[in-house]
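Peer 1: Have a peek at structure_34.cif (mmCIF, C-alpha atoms).
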data_model
loop_
_atom_site.label_atom_id
_atom_site.label_comp_id
_atom_site.auth_asym_id
_atom_site.auth_seq_id
_atom_site.Cartn_x
_atom_site.Cartn_y
_atom_site.Cartn_z
CA MET A 1 89.45 119.40 79.04
CA ASP A 2 93.21 119.83 79.43
CA ALA A 3 95.67 116.94 79.39
CA ARG A 4 96.05 116.69 83.12
CA GLU A 5 92.34 116.77 83.83
CA ARG A 6 91.80 114.02 81.28
CA ILE A 7 94.45 111.88 82.99
CA VAL A 8 93.18 112.27 86.54
CA ARG A 9 89.55 111.73 85.48
CA ARG A 10 90.50 108.44 83.89
CA VAL A 11 92.64 107.32 86.84
CA ALA A 12 89.76 108.06 89.23
CA LYS A 13 87.70 105.36 87.48
CA GLU A 14 90.27 102.75 88.51
CA LEU A 15 89.54 103.23 92.21
CA LYS A 16 86.94 100.92 93.70
CA ASP A 17 84.64 101.30 96.66
CA GLY A 18 86.54 100.47 99.86
CA ASP A 19 90.01 100.76 98.29
CA ILE A 20 92.87 102.05 100.41
CA VAL A 21 94.72 104.44 98.15
CA ASN A 22 97.90 106.48 98.33
CA LEU A 23 98.15 109.37 95.89
CA GLY A 24 101.53 110.83 94.98
CA ILE A 25 102.37 114.51 95.13
CA GLY A 26 101.36 116.82 92.27
CA MET A 27 98.96 115.69 89.57
CA PRO A 28 98.04 112.37 91.28
CA THR A 29 96.67 114.31 94.28
CA LYS A 30 93.96 115.72 92.00
CA VAL A 31 92.53 112.24 91.35
CA ALA A 32 90.64 112.65 94.63
CA ASN A 33 88.48 115.37 93.05
CA TYR A 34 87.06 113.04 90.39
CA ILE A 35 85.98 109.97 92.31
CA GLU A 36 82.34 109.03 91.75
CA GLU A 37 79.99 109.89 94.59
CA ASP A 38 78.98 106.31 95.35
CA VAL A 39 82.60 105.18 95.61
CA GLU A 40 84.20 105.52 99.00
CA VAL A 41 87.96 105.45 98.90
CA ILE A 42 90.16 105.58 102.01
CA PHE A 43 93.20 107.77 101.42
CA GLN A 44 96.43 106.93 103.17
CA SER A 45 99.03 109.62 103.80
CA GLU A 46 102.59 108.34 104.20
CA ASN A 47 103.34 110.71 107.06
CA GLY A 48 101.01 108.75 109.27
CA TYR A 49 97.25 108.43 108.82
CA ILE A 50 94.34 106.98 106.90
CA GLY A 51 91.15 108.87 106.19
CA MET A 52 92.62 111.96 104.59
CA GLY A 53 90.10 114.51 103.36
CA GLY A 54 90.37 117.60 101.19
CA ALA A 55 91.90 120.99 101.84
CA PRO A 56 90.52 123.01 104.78
CA GLU A 57 88.68 126.30 104.35
CA ALA A 58 91.01 129.29 104.37
CA GLY A 59 91.73 130.28 107.97
CA LYS A 60 90.79 126.84 109.32
CA GLU A 61 94.16 125.16 108.73
CA ASP A 62 95.32 122.86 111.51
CA PRO A 63 99.06 123.36 112.14
CA ASP A 64 99.34 119.72 113.29
CA LEU A 65 97.90 118.24 110.11
CA VAL A 66 99.66 118.13 106.76
CA ASN A 67 99.78 115.71 103.84
CA ALA A 68 102.92 114.10 102.38
CA GLY A 69 103.58 117.30 100.42
CA GLY A 70 103.45 119.42 103.57
CA MET A 71 100.10 120.99 102.57
CA HIS A 72 97.31 121.46 105.09
CA VAL A 73 94.50 118.97 104.74
CA THR A 74 91.56 117.65 106.76
CA VAL A 75 90.68 114.17 107.94
CA LYS A 76 87.36 112.41 107.55
CA LYS A 77 85.29 110.85 110.30
CA GLY A 78 86.83 107.55 111.31
CA ALA A 79 90.39 108.58 110.40
CA ALA A 80 93.32 107.06 112.27
CA PHE A 81 96.77 108.47 113.01
CA PHE A 82 99.94 106.40 113.47
CA ASP A 83 103.71 106.69 113.39
CA SER A 84 105.93 106.35 110.32
CA ALA A 85 106.91 102.73 111.07
CA MET A 86 103.22 101.73 111.05
CA SER A 87 102.64 103.85 107.97
CA PHE A 88 105.32 101.98 106.03
CA ALA A 89 104.20 98.63 107.41
CA ILE A 90 100.86 99.47 105.80
CA ILE A 91 102.58 100.52 102.58
CA ARG A 92 105.16 97.73 102.26
CA GLY A 93 102.95 95.07 103.77
CA GLY A 94 100.49 95.03 100.87
CA HIS A 95 97.69 96.81 102.74
CA VAL A 96 97.41 99.61 100.17
CA ASP A 97 95.19 98.61 97.25
CA ALA A 98 96.45 101.19 94.79
CA THR A 99 99.00 103.93 94.48
CA VAL A 100 99.01 106.63 91.81
CA LEU A 101 102.34 108.24 90.95
CA GLY A 102 103.88 110.44 88.32
CA ALA A 103 106.84 109.24 86.26
CA LEU A 104 109.86 110.57 84.43
CA GLN A 105 110.06 107.31 82.47
CA VAL A 106 108.27 104.00 82.44
CA ASP A 107 109.07 101.02 80.24
CA GLN A 108 107.42 98.03 78.61
CA GLU A 109 108.50 95.73 81.43
CA GLY A 110 106.77 97.88 84.03
CA ASN A 111 109.97 99.45 85.34
CA LEU A 112 109.53 102.93 86.75
CA ALA A 113 111.93 105.88 87.06
CA ASN A 114 110.55 108.85 88.95
CA TRP A 115 112.97 109.96 91.62
CA MET A 116 116.10 111.45 90.11
CA ILE A 117 117.92 112.79 87.07
CA PRO A 118 121.64 112.27 87.76
CA GLY A 119 123.57 115.53 88.01
CA LYS A 120 120.41 117.59 87.61
CA MET A 121 117.56 116.88 89.93
CA VAL A 122 118.00 114.64 92.95
CA PRO A 123 115.08 115.26 95.30
CA GLY A 124 115.19 111.80 96.84
CA MET A 125 112.78 108.92 96.72
CA GLY A 126 110.80 109.77 99.86
CA GLY A 127 108.25 107.00 100.21
CA ALA A 128 107.97 106.23 96.49
CA MET A 129 110.18 103.12 96.41
CA ASP A 130 108.26 101.53 99.27
CA LEU A 131 104.90 102.46 97.76
CA VAL A 132 105.66 101.05 94.34
CA VAL A 133 106.96 97.80 95.79
CA GLY A 134 104.23 97.40 98.38
CA ALA A 135 100.97 98.59 96.81
CA LYS A 136 98.82 95.90 95.20
CA ARG A 137 98.31 98.05 92.14
CA VAL A 138 100.65 100.72 90.77
CA ILE A 139 99.10 103.28 88.45
CA VAL A 140 101.33 105.74 86.63
CA ALA A 141 99.63 109.03 85.80
CA MET A 142 101.70 111.23 83.52
CA GLU A 143 101.75 113.24 80.33
CA HIS A 144 102.56 111.01 77.40
CA THR A 145 105.74 112.79 76.35
CA ALA A 146 108.18 115.28 77.83
CA LYS A 147 108.27 118.19 75.37
CA GLY A 148 107.61 115.76 72.55
CA SER A 149 110.09 113.06 73.53
CA PRO A 150 108.63 109.70 74.57
CA LYS A 151 108.44 108.76 78.26
CA ILE A 152 107.08 105.26 77.63
CA LEU A 153 110.25 103.46 76.60
CA LYS A 154 111.55 100.03 75.70
CA GLN A 155 113.85 100.37 78.68
CA CYS A 156 114.13 103.12 81.32
CA LYS A 157 117.38 105.10 81.08
CA LEU A 158 117.10 106.96 84.37
CA PRO A 159 117.77 105.30 87.75
CA LEU A 160 114.84 103.08 88.66
CA THR A 161 112.41 103.56 91.49
CA ALA A 162 111.42 99.90 91.27
CA GLU A 163 111.61 96.95 88.93
CA LYS A 164 108.56 95.51 87.15
CA GLU A 165 105.97 96.93 89.51
CA VAL A 166 103.83 99.16 87.26
CA ASP A 167 100.38 97.79 86.40
CA LEU A 168 98.69 100.60 84.47
CA ILE A 169 99.86 103.71 82.60
CA VAL A 170 97.39 106.53 82.03
CA THR A 171 98.30 109.49 79.85
CA GLU A 172 96.25 112.15 78.03
CA MET A 173 96.57 110.05 74.87
CA ALA A 174 96.12 106.48 76.00
CA VAL A 175 95.77 103.79 78.64
CA PHE A 176 98.23 100.90 78.70
CA GLU A 177 98.15 97.80 80.83
CA VAL A 178 101.45 96.15 81.74
CA THR A 179 101.21 92.37 81.32
CA GLU A 180 103.52 89.37 81.12
CA GLN A 181 103.22 89.70 77.32
CA GLY A 182 104.26 93.35 77.43
CA LEU A 183 102.24 96.55 77.12
CA ILE A 184 98.68 96.38 75.90
CA LEU A 185 97.09 99.53 74.56
CA LYS A 186 93.59 99.33 76.03
CA GLU A 187 92.18 102.77 75.29
CA ARG A 188 92.89 105.83 73.19
CA ALA A 189 91.67 109.37 73.59
CA LYS A 190 88.84 110.15 71.17
CA GLU A 191 90.74 112.63 69.00
CA VAL A 192 94.01 110.70 69.00
CA THR A 193 94.79 108.10 66.33
CA LEU A 194 96.66 104.85 66.81
CA GLU A 195 99.38 106.24 64.52
CA GLU A 196 99.83 109.27 66.75
CA ILE A 197 100.16 107.03 69.81
CA LYS A 198 102.76 104.88 68.04
CA GLU A 199 104.72 107.98 67.14
CA ALA A 200 104.73 109.28 70.71
CA THR A 201 105.60 105.92 72.29
CA GLU A 202 109.01 104.27 72.06
CA ALA A 203 107.91 101.02 73.72
CA ASP A 204 106.45 98.13 71.78
CA PHE A 205 102.81 97.43 72.53
CA ILE A 206 99.95 95.17 71.55
CA VAL A 207 96.69 96.83 70.55
CA ALA A 208 93.65 95.49 72.37
CA GLU A 209 90.63 94.36 70.38
CA PRO A 210 88.45 96.29 70.55
CA LEU A 211 90.43 99.43 71.32
CA GLU A 212 88.18 101.40 73.64
CA ILE A 213 87.80 105.17 73.82
CA MET A 214 89.09 106.87 76.97
CA ASN A 215 86.62 108.86 79.10
CA PRO A 216 83.75 108.30 76.62
CA MET B 1 114.25 112.20 138.54
CA GLU B 2 113.61 115.71 137.34
CA LYS B 3 113.36 115.64 133.58
CA ILE B 4 112.38 119.22 132.84
CA ILE B 5 115.39 121.24 131.81
CA ASP B 6 115.86 124.64 130.18
CA MET B 7 117.02 125.24 126.65
CA GLU B 8 120.55 126.13 127.72
CA GLN B 9 120.96 122.81 129.50
CA ALA B 10 119.41 120.93 126.58
CA ILE B 11 121.84 122.47 124.14
CA SER B 12 124.78 121.72 126.44
CA TYR B 13 124.32 118.06 125.51
CA VAL B 14 125.00 118.79 121.84
CA GLU B 15 128.58 118.62 120.63
CA ASP B 16 130.40 118.97 117.32
CA GLY B 17 130.48 115.80 115.25
CA MET B 18 127.49 114.17 116.93
CA THR B 19 124.98 111.95 115.19
CA ILE B 20 121.55 113.42 115.85
CA MET B 21 118.08 112.22 114.95
CA ILE B 22 115.50 114.95 114.49
CA GLY B 23 111.79 114.14 114.33
CA GLY B 24 109.26 115.68 111.98
CA PHE B 25 107.99 115.47 108.42
CA LEU B 26 108.52 118.60 106.32
CA GLY B 27 108.66 120.54 109.56
CA ASN B 28 105.41 119.09 110.87
CA GLY B 29 106.08 117.71 114.36
CA SER B 30 109.70 118.84 114.42
CA PRO B 31 111.32 120.33 117.55
CA ASP B 32 111.78 123.83 116.14
CA GLN B 33 113.01 125.42 119.33
CA LEU B 34 115.71 122.81 119.89
CA ILE B 35 116.78 123.35 116.29
CA GLU B 36 117.02 127.09 117.01
CA GLY B 37 119.25 126.17 119.95
CA LEU B 38 121.55 124.18 117.67
CA LEU B 39 121.72 127.17 115.32
CA GLU B 40 122.63 129.54 118.15
CA LYS B 41 125.27 127.25 119.58
CA GLY B 42 126.74 126.79 116.11
CA VAL B 43 127.67 123.12 116.62
CA LYS B 44 129.20 121.78 113.42
CA ASP B 45 130.10 118.61 111.54
CA LEU B 46 126.80 117.07 112.56
CA THR B 47 125.45 113.86 111.08
CA LEU B 48 121.68 114.22 110.89
CA ILE B 49 119.18 111.41 110.58
CA CYS B 50 115.81 112.83 109.56
CA ASN B 51 112.97 112.15 107.16
CA ASP B 52 113.72 115.22 105.03
CA THR B 53 115.77 118.41 105.14
CA GLY B 54 112.72 120.65 105.37
CA PHE B 55 112.82 124.13 103.92
CA PRO B 56 115.68 126.67 103.80
CA ASP B 57 113.91 128.98 106.23
CA ARG B 58 112.27 126.46 108.53
CA GLY B 59 113.30 123.69 110.90
CA ILE B 60 116.04 121.25 109.97
CA GLY B 61 116.68 123.08 106.70
CA LYS B 62 118.17 126.03 108.57
CA LEU B 63 120.95 123.80 109.92
CA VAL B 64 121.84 122.89 106.35
CA VAL B 65 121.80 126.53 105.22
CA ASN B 66 124.00 127.39 108.22
CA LYS B 67 126.50 124.71 107.07
CA GLN B 68 126.41 122.80 110.35
CA VAL B 69 125.75 119.47 108.71
CA LYS B 70 128.53 117.19 107.47
CA LYS B 71 126.33 114.27 106.55
CA VAL B 72 122.61 113.65 106.31
CA MET B 73 120.76 110.36 106.12
CA THR B 74 117.31 111.16 104.81
CA SER B 75 114.60 110.18 102.35
CA HIS B 76 114.04 113.55 100.67
CA ILE B 77 115.89 116.82 100.09
CA GLY B 78 113.72 118.19 97.29
CA THR B 79 112.06 120.97 99.30
CA ASN B 80 115.39 122.49 100.30
CA PRO B 81 117.48 123.62 97.30
CA GLU B 82 120.45 124.29 99.60
CA SER B 83 120.71 120.55 100.38
CA GLY B 84 121.01 119.73 96.69
CA LYS B 85 123.57 122.49 96.21
CA GLN B 86 125.77 121.25 99.05
CA MET B 87 125.39 117.67 97.86
CA HIS B 88 126.59 118.55 94.35
CA SER B 89 129.47 120.70 95.62
CA GLY B 90 130.55 117.91 97.96
CA GLU B 91 130.18 120.08 101.06
CA MET B 92 127.60 117.76 102.55
CA ASP B 93 127.43 113.99 102.25
CA VAL B 94 123.84 113.09 101.40
CA ARG B 95 122.67 109.51 101.79
CA LEU B 96 119.22 109.08 100.31
CA ILE B 97 117.28 106.23 101.86
CA PRO B 98 113.74 105.05 101.07
CA GLN B 99 111.49 106.40 103.80
CA GLY B 100 110.16 103.02 104.89
CA THR B 101 113.71 101.66 105.11
CA LEU B 102 114.94 104.69 107.06
CA VAL B 103 112.23 104.45 109.70
CA GLU B 104 112.66 100.69 110.00
CA GLN B 105 116.44 101.06 110.41
CA ILE B 106 115.78 103.42 113.30
CA ARG B 107 113.14 101.08 114.73
CA SER B 108 115.55 98.14 114.45
CA ALA B 109 118.18 99.95 116.50
CA GLY B 110 115.60 100.78 119.14
CA ALA B 111 114.10 97.32 119.13
CA GLY B 112 117.37 95.42 119.50
CA LEU B 113 117.32 93.92 116.03
CA GLY B 114 120.39 93.30 113.91
CA GLY B 115 118.62 94.53 110.80
CA PHE B 116 115.74 93.47 108.58
CA LEU B 117 114.93 92.28 105.08
CA THR B 118 112.99 94.56 102.76
CA PRO B 119 111.91 94.23 99.13
CA THR B 120 112.23 98.02 98.74
CA GLY B 121 115.18 99.05 96.59
CA ILE B 122 115.74 95.74 94.79
CA GLY B 123 116.91 96.46 91.24
CA THR B 124 117.76 100.09 92.07
CA VAL B 125 120.87 102.02 93.16
CA VAL B 126 119.70 101.54 96.75
CA ALA B 127 120.74 97.89 96.47
CA GLU B 128 124.36 98.70 95.59
CA GLY B 129 126.77 97.07 98.03
CA LYS B 130 124.02 95.42 100.03
CA GLU B 131 123.47 91.76 100.70
CA VAL B 132 120.50 90.22 98.88
CA VAL B 133 118.74 87.41 100.73
CA GLU B 134 116.20 85.14 99.06
CA ILE B 135 113.23 84.06 101.14
CA ASP B 136 110.59 81.78 99.57
CA GLY B 137 111.79 82.69 96.09
CA LYS B 138 111.66 86.45 96.61
CA ASP B 139 114.67 88.78 96.90
CA TYR B 140 115.11 91.12 99.84
CA LEU B 141 117.81 93.61 100.82
CA LEU B 142 119.49 93.27 104.18
CA GLU B 143 119.27 96.68 105.85
CA LEU B 144 121.09 97.44 109.08
CA PRO B 145 120.04 99.32 112.22
CA LEU B 146 120.64 103.04 112.60
CA LYS B 147 121.21 104.70 115.95
CA ALA B 148 122.26 108.10 117.21
CA ASP B 149 123.98 109.90 120.06
CA LEU B 150 121.02 112.13 120.51
CA ALA B 151 117.38 112.28 119.42
CA LEU B 152 115.52 115.59 119.37
CA ILE B 153 111.80 115.02 119.14
CA ARG B 154 108.55 116.91 119.67
CA GLY B 155 105.43 116.01 121.61
CA SER B 156 102.09 117.80 121.72
CA LYS B 157 101.55 116.93 125.39
CA VAL B 158 104.28 115.60 127.63
CA ASP B 159 103.73 114.82 131.29
CA THR B 160 106.45 115.60 133.83
CA LYS B 161 107.45 111.93 133.89
CA GLY B 162 108.09 112.03 130.12
CA ASN B 163 105.05 110.24 128.69
CA ILE B 164 104.23 111.68 125.28
CA TRP B 165 101.02 112.17 123.35
CA TYR B 166 101.22 113.36 119.76
CA ARG B 167 98.47 115.25 117.98
CA ASN B 168 97.43 114.37 114.41
CA SER B 169 100.24 114.02 111.89
CA THR B 170 102.96 115.31 114.24
CA ARG B 171 103.70 111.78 115.44
CA ASN B 172 105.60 110.56 112.33
CA PHE B 173 109.25 109.67 113.17
CA ASN B 174 109.16 110.99 116.75
CA PRO B 175 108.20 107.85 118.72
CA ILE B 176 110.56 105.70 116.64
CA MET B 177 113.55 107.98 117.17
CA ALA B 178 112.80 108.08 120.90
CA MET B 179 113.86 104.41 121.05
CA ALA B 180 117.10 104.66 119.09
CA ALA B 181 119.38 107.26 120.69
CA ASP B 182 121.63 107.35 123.75
CA ARG B 183 119.97 110.54 124.91
CA VAL B 184 116.47 111.71 124.07
CA ILE B 185 115.21 115.25 124.50
CA VAL B 186 111.56 116.01 123.84
CA GLU B 187 110.34 119.50 123.12
CA ALA B 188 106.88 119.73 124.65
CA GLU B 189 104.29 121.95 123.10
CA GLU B 190 102.55 121.61 126.45
CA VAL B 191 103.87 120.13 129.69
CA VAL B 192 101.13 118.53 131.82
CA GLU B 193 100.93 116.85 135.22
CA ILE B 194 101.32 113.10 135.54
CA GLY B 195 97.93 111.51 134.96
CA GLU B 196 96.68 114.14 132.55
CA ILE B 197 97.57 111.91 129.64
CA ASP B 198 95.44 108.78 129.87
CA PRO B 199 97.90 105.83 130.02
CA ASN B 200 95.92 104.34 127.11
CA ASN B 201 96.87 107.30 124.95
CA VAL B 202 100.59 107.39 125.65
CA ALA B 203 102.41 106.91 122.35
CA THR B 204 105.94 107.16 123.74
CA PRO B 205 106.35 105.60 127.22
CA HIS B 206 108.35 107.80 129.61
CA ILE B 207 111.24 105.32 129.90
CA PHE B 208 112.52 106.48 126.51
CA VAL B 209 112.66 110.16 127.46
CA ASP B 210 115.66 111.65 129.28
CA HIS B 211 114.81 115.34 129.21
CA ILE B 212 111.87 117.61 128.55
CA VAL B 213 112.10 121.21 127.37
CA ARG B 214 109.13 123.54 127.12
CA GLY B 215 108.60 124.63 123.57
CA THR B 216 107.47 128.13 122.84
CA LEU B 217 107.68 128.06 119.05
#
In structure tokens, how does this file's structure come out?
Peer 2:
Amino acid sequence: MDARERIVRRVAKELKDGDIVNLGIGMPTKVANYIEEDVEVIFQSENGYIGMGGAPEAGKEDPDLVNAGGMHVTVKKGAAFFDSAMSFAIIRGGHVDATVLGALQVDQEGNLANWMIPGKMVPGMGGAMDLVVGAKRVIVAMEHTAKGSPKILKQCKLPLTAEKEVDLIVTEMAVFEVTEQGLILKERAKEVTLEEIKEATEADFIVAEPLEIMNP
Amino acid sequence: MEKIIDMEQAISYVEDGMTIMIGGFLGNGSPDQLIEGLLEKGVKDLTLICNDTGFPDRGIGKLVVNKQVKKVMTSHIGTNPESGKQMHSGEMDVRLIPQGTLVEQIRSAGAGLGGFLTPTGIGTVVAEGKEVVEIDGKDYLLELPLKADLALIRGSKVDTKGNIWYRNSTRNFNPIMAMAADRVIVEAEEVVEIGEIDPNNVATPHIFVDHIVRGTL
């Protein structure tokens, strides 16, 4: 199992039956493929609907239906369309149970940076700032390091997306919960040692007892 | 009042230096034919208000590539490398705004509000220079309304009176922008007779629409 698959499989377990969920672009989108069969999750798409389904069969794309990444998708029975003001009322108003996003950096206080690298890459925040502030639960899904350098820091160095909003960090190496006391390492991947996690993480963290194994 | 006009007439309302709202989300639900009209006319120094700057070869993005845009107020430019290039070179002034704030600023203008308080952007660069208001112990940013000279929007079905029905995800910013500009032109994928859209299904009431053009794109 590659790193990304391990991450999205673990994130999928966080989603509960009946949850309204917004998945970010890229790796987070793949979480939808790993949700258990008896769990029904309602996906919200920031461009204006709930009840998003998977990709259509080739040749059956609907030109009037895309997801927040501009890709063709389908909707499930019972879906509902609305305008962008309603969509962000849903997002900001606390009606989304969980959002899953990637990150450039995240820190031990739950600060998140995922929308720009000054002078280099400035795509814009899109709906991310609203989502992170408004969703009841913010789950960061990302690779543990960027080419070996830690992404889980004592303090984010890049411009923030939001302050102290992250609840859970899932990487291919570990699962951390963000608490008032700081980060708690809850799980480690089977073949990864605590020492290796410490080496790849700049942030301070408390180790949970017992330390569980990820995706057992 | 006859609202159906041709493309030439529609484009005659667009002038250099105007502030224009354009509906759509990554090109989905955007008035592509009206955008083509803007390209042909070559109007310049435009200030655009739009969710994103689309793609270099599609929709709003073409206006950026054609260097007709002086300033853009948008939530995302990442799918159009030309926007980033012009931002870095200083050719185009790019104001990045959280999507939920952008749409609510437009809604505020249309709804007669003097602004609104949002938690989005607190503790980030978005908060720079903005008033912070504390309500029940929580900080909010004061965001102000955003209006335009002209809104160019797209409807899936538009009746001859100007009532609009939007199909699937093409609704997005369109009905909000319809409320917030001095002049509103809707590009209709299909023009229908009055009564063909059930009044219960009208998403933009006709009073917001000044002109209708038939879309062929």
Peer 1: Can you tell me which residues surround Ala127 (chain B) at a distance of at most 12 Å, considering all atoms listed in the file, apart from same-chain residues fewer than 5 positions away, and format the answer as JSON, numbers by chain?
Peer 2: {"A": [129, 159, 160, 161, 162, 163], "B": [96, 97, 98, 101, 117, 118, 119, 120, 121, 122, 132, 133, 139, 140, 141, 142, 143]}
Peer 1: Using all atoms listed in the file, select each residue of chain B with any atom at most 6 Å away from an atom of chain A, and give the selection as a ChimeraX atom specification.
Peer 2: /B:26,75-78,96,98-100,103,120,123-124,168-173
Peer 1: I need the residue set behind the PyMOL selection byres ((chain B and resi 84-89) around 12) for this file; please write it as an MDAnalysis selection string.
Peer 2: (chainID A and resid 116 118:124) or (chainID B and resid 52:53 55:56 61 64:73 76:83 90:96)
Peer 1: Using only C-alpha atoms, pick whichever of B:Gly129, B:Pro175, B:Gly54, B:Gly155 has the shortest atom-to-atom distance to Arg107 (chain B).
Peer 2: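 Of B:Gly129, B:Pro175, B:Gly54, B:Gly155, the one nearest Arg107 (chain B) is B:Pro175, counting only C-alpha atoms.
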Peer 1: What separation in Å, quoted to one decimal, exists between CA of His211 (chain B) and CA of Ile20 (chain B)?
Peer 2: 15.1 Å
Peer 1: Have a look at CA of Leu146 (chain B) and CA of Thr19 (chain B) and let me know their distance in Å, one decimal.
Peer 2: 10.2 Å
Peer 1: Go through A:Leu158, A:Val39, A:Val96, A:Met27 one by one, measure the shortest atom-to-atom distance of each to Glu14 (chain A) using only C-alpha atoms, and give the residue with the smallest value.
Peer 2: A:Val39
Peer 1: How many Å separate CA of Glu134 (chain B) from CA of Ala180 (chain B)?
Peer 2: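 These two atoms are separated by 28.0 Å.
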Peer 1: Could you check the closest approach to Asp97 (chain A) for each of A:Ala58, A:Val11, A:Val21, A:Val207 and tell me which residue wins, using only C-alpha atoms?
Peer 2: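 When distances to Asp97 (chain A) are compared using only C-alpha atoms, the smallest one comes from A:Val21.
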Peer 1: Taking (87.5, 118.1, 97.9) as a centre in this file's frame and 12 Å as the limit, can you find every polymer residue with an atom that close, using all atoms listed in the file, and give them as a list of chain:residue names?
Peer 2: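 Applying the cut-off with all atoms listed in the file, one gets A:Thr29, A:Lys30, A:Val31, A:Ala32, A:Asn33, A:Tyr34, A:Ile35, A:Glu37, A:Met52, A:Gly53, A:Gly54, A:Ala55, A:Pro56, A:Glu57, A:Val73, A:Thr74, A:Val75, A:Lys76.
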Peer 1: Which residue, B:Lys147, B:Lys44, B:Lys130, B:Arg154, has the smallest gap to Gly215 (chain B) when you use all atoms listed in the file?
Peer 2: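 Closest to Gly215 (chain B), using all atoms listed in the file: B:Arg154.
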Peer 1: Taking the file above as input, evaluate the PyMOL selection byres ((chain A and resi 154) around 8) and report the hits as a list of chain:residue names.
Peer 2: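 On this input, the PyMOL selection byres ((chain A and resi 154) around 8) captures A:Asp107, A:Gln108, A:Glu109, A:Ile152, A:Leu153, A:Gln155, A:Cys156, A:Glu202, A:Ala203, A:Asp204.
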Peer 1: Could you give me, as a list of chain:residue names, the residues within 7 Å of region 210-215 of chain A, counting all atoms listed in the file and dropping anything in the same chain fewer than 2 positions from it?
Peer 2: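 Neighbouring residues, sequence-local ones excluded: A:Arg10, A:Lys186, A:Glu187, A:Arg188, A:Ala189, A:Lys190, A:Val207, A:Ala208.
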Peer 1: Return the single residue from B:Thr216, B:Thr74, B:Thr47, B:Asn28 that is closest to Asp16 (chain B), with distances computed using only C-alpha atoms.
Peer 2: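 Once distances to Asp16 (chain B) are computed over only C-alpha atoms, the minimum belongs to B:Thr47.
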Peer 1: For Val186 (chain B), please output as a VMD selection string all residues within 12 Å (counting all atoms listed in the file; exclusion window: fewer than 3 positions along the same chain).
Peer 2: chain B and resid 3 to 7 10 21 to 23 29 to 35 150 to 166 174 to 175 177 to 178 183 189 to 191 204 206 208 to 215
Peer 1: Name the residues that the PyMOL selection byres ((chain A and resi 182) around 8) picks from the file above, as a ChimeraX atom specification, using the file's chain letters and numbers.
Peer 2: /A:108-109,178-181,183-184,204-206
Peer 1: Fewer than 2 positions away in the same chain doesn't count, so skip those; otherwise give me all residues within 12 Å of Ile139 (chain A), counting only C-alpha atoms, as a PyMOL selection string.
Peer 2: chain A and resi 7-8+10-15+21-24+28+31+97-103+106+110-112+131-132+135-137+141-142+165-171+175-178
Peer 1: When you count only C-alpha atoms, which of these residues is closest to Phe43 (chain A): A:Glu199, A:Ala3, A:Glu61, A:His95?
Peer 2: A:His95
Peer 1: Supply region 114-125 of chain A as a PDB file, in the frame of the given file, with N, CA and C atoms built in where the input has gaps.
Peer 2:
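selection_38.pdb, freshly written:
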ATOM      1  N   ASN A 114     111.233 107.585  88.622  1.00  0.00           N
ATOM      2  CA  ASN A 114     110.550 108.850  88.950  1.00  0.00           C
ATOM      3  C   ASN A 114     111.190 109.591  90.118  1.00  0.00           C
ATOM      4  N   TRP A 115     112.453 109.270  90.431  1.00  0.00           N
ATOM      5  CA  TRP A 115     112.970 109.960  91.620  1.00  0.00           C
ATOM      6  C   TRP A 115     114.234 110.762  91.408  1.00  0.00           C
ATOM      7  N   MET A 116     114.918 110.607  90.296  1.00  0.00           N
ATOM      8  CA  MET A 116     116.100 111.450  90.110  1.00  0.00           C
ATOM      9  C   MET A 116     116.552 111.513  88.665  1.00  0.00           C
ATOM     10  N   ILE A 117     117.204 112.650  88.330  1.00  0.00           N
ATOM     11  CA  ILE A 117     117.920 112.790  87.070  1.00  0.00           C
ATOM     12  C   ILE A 117     119.361 113.080  87.470  1.00  0.00           C
ATOM     13  N   PRO A 118     120.264 112.101  87.271  1.00  0.00           N
ATOM     14  CA  PRO A 118     121.640 112.270  87.760  1.00  0.00           C
ATOM     15  C   PRO A 118     122.253 113.603  87.325  1.00  0.00           C
ATOM     16  N   GLY A 119     122.886 114.267  88.287  1.00  0.00           N
ATOM     17  CA  GLY A 119     123.570 115.530  88.010  1.00  0.00           C
ATOM     18  C   GLY A 119     122.654 116.729  87.885  1.00  0.00           C
ATOM     19  N   LYS A 120     121.344 116.477  87.844  1.00  0.00           N
ATOM     20  CA  LYS A 120     120.410 117.590  87.610  1.00  0.00           C
ATOM     21  C   LYS A 120     119.451 117.767  88.777  1.00  0.00           C
ATOM     22  N   MET A 121     118.624 116.758  88.948  1.00  0.00           N
ATOM     23  CA  MET A 121     117.560 116.880  89.930  1.00  0.00           C
ATOM     24  C   MET A 121     117.580 115.625  90.795  1.00  0.00           C
ATOM     25  N   VAL A 122     117.927 115.794  92.054  1.00  0.00           N
ATOM     26  CA  VAL A 122     118.000 114.640  92.950  1.00  0.00           C
ATOM     27  C   VAL A 122     117.196 114.935  94.222  1.00  0.00           C
ATOM     28  N   PRO A 123     115.877 114.930  94.110  1.00  0.00           N
ATOM     29  CA  PRO A 123     115.080 115.260  95.300  1.00  0.00           C
ATOM     30  C   PRO A 123     115.071 114.155  96.348  1.00  0.00           C
ATOM     31  N   GLY A 124     115.315 112.926  95.912  1.00  0.00           N
ATOM     32  CA  GLY A 124     115.190 111.800  96.840  1.00  0.00           C
ATOM     33  C   GLY A 124     113.933 111.021  96.558  1.00  0.00           C
ATOM     34  N   MET A 125     113.906 109.799  97.041  1.00  0.00           N
ATOM     35  CA  MET A 125     112.780 108.920  96.720  1.00  0.00           C
ATOM     36  C   MET A 125     111.628 109.068  97.709  1.00  0.00           C
TER      37      MET A 125
END
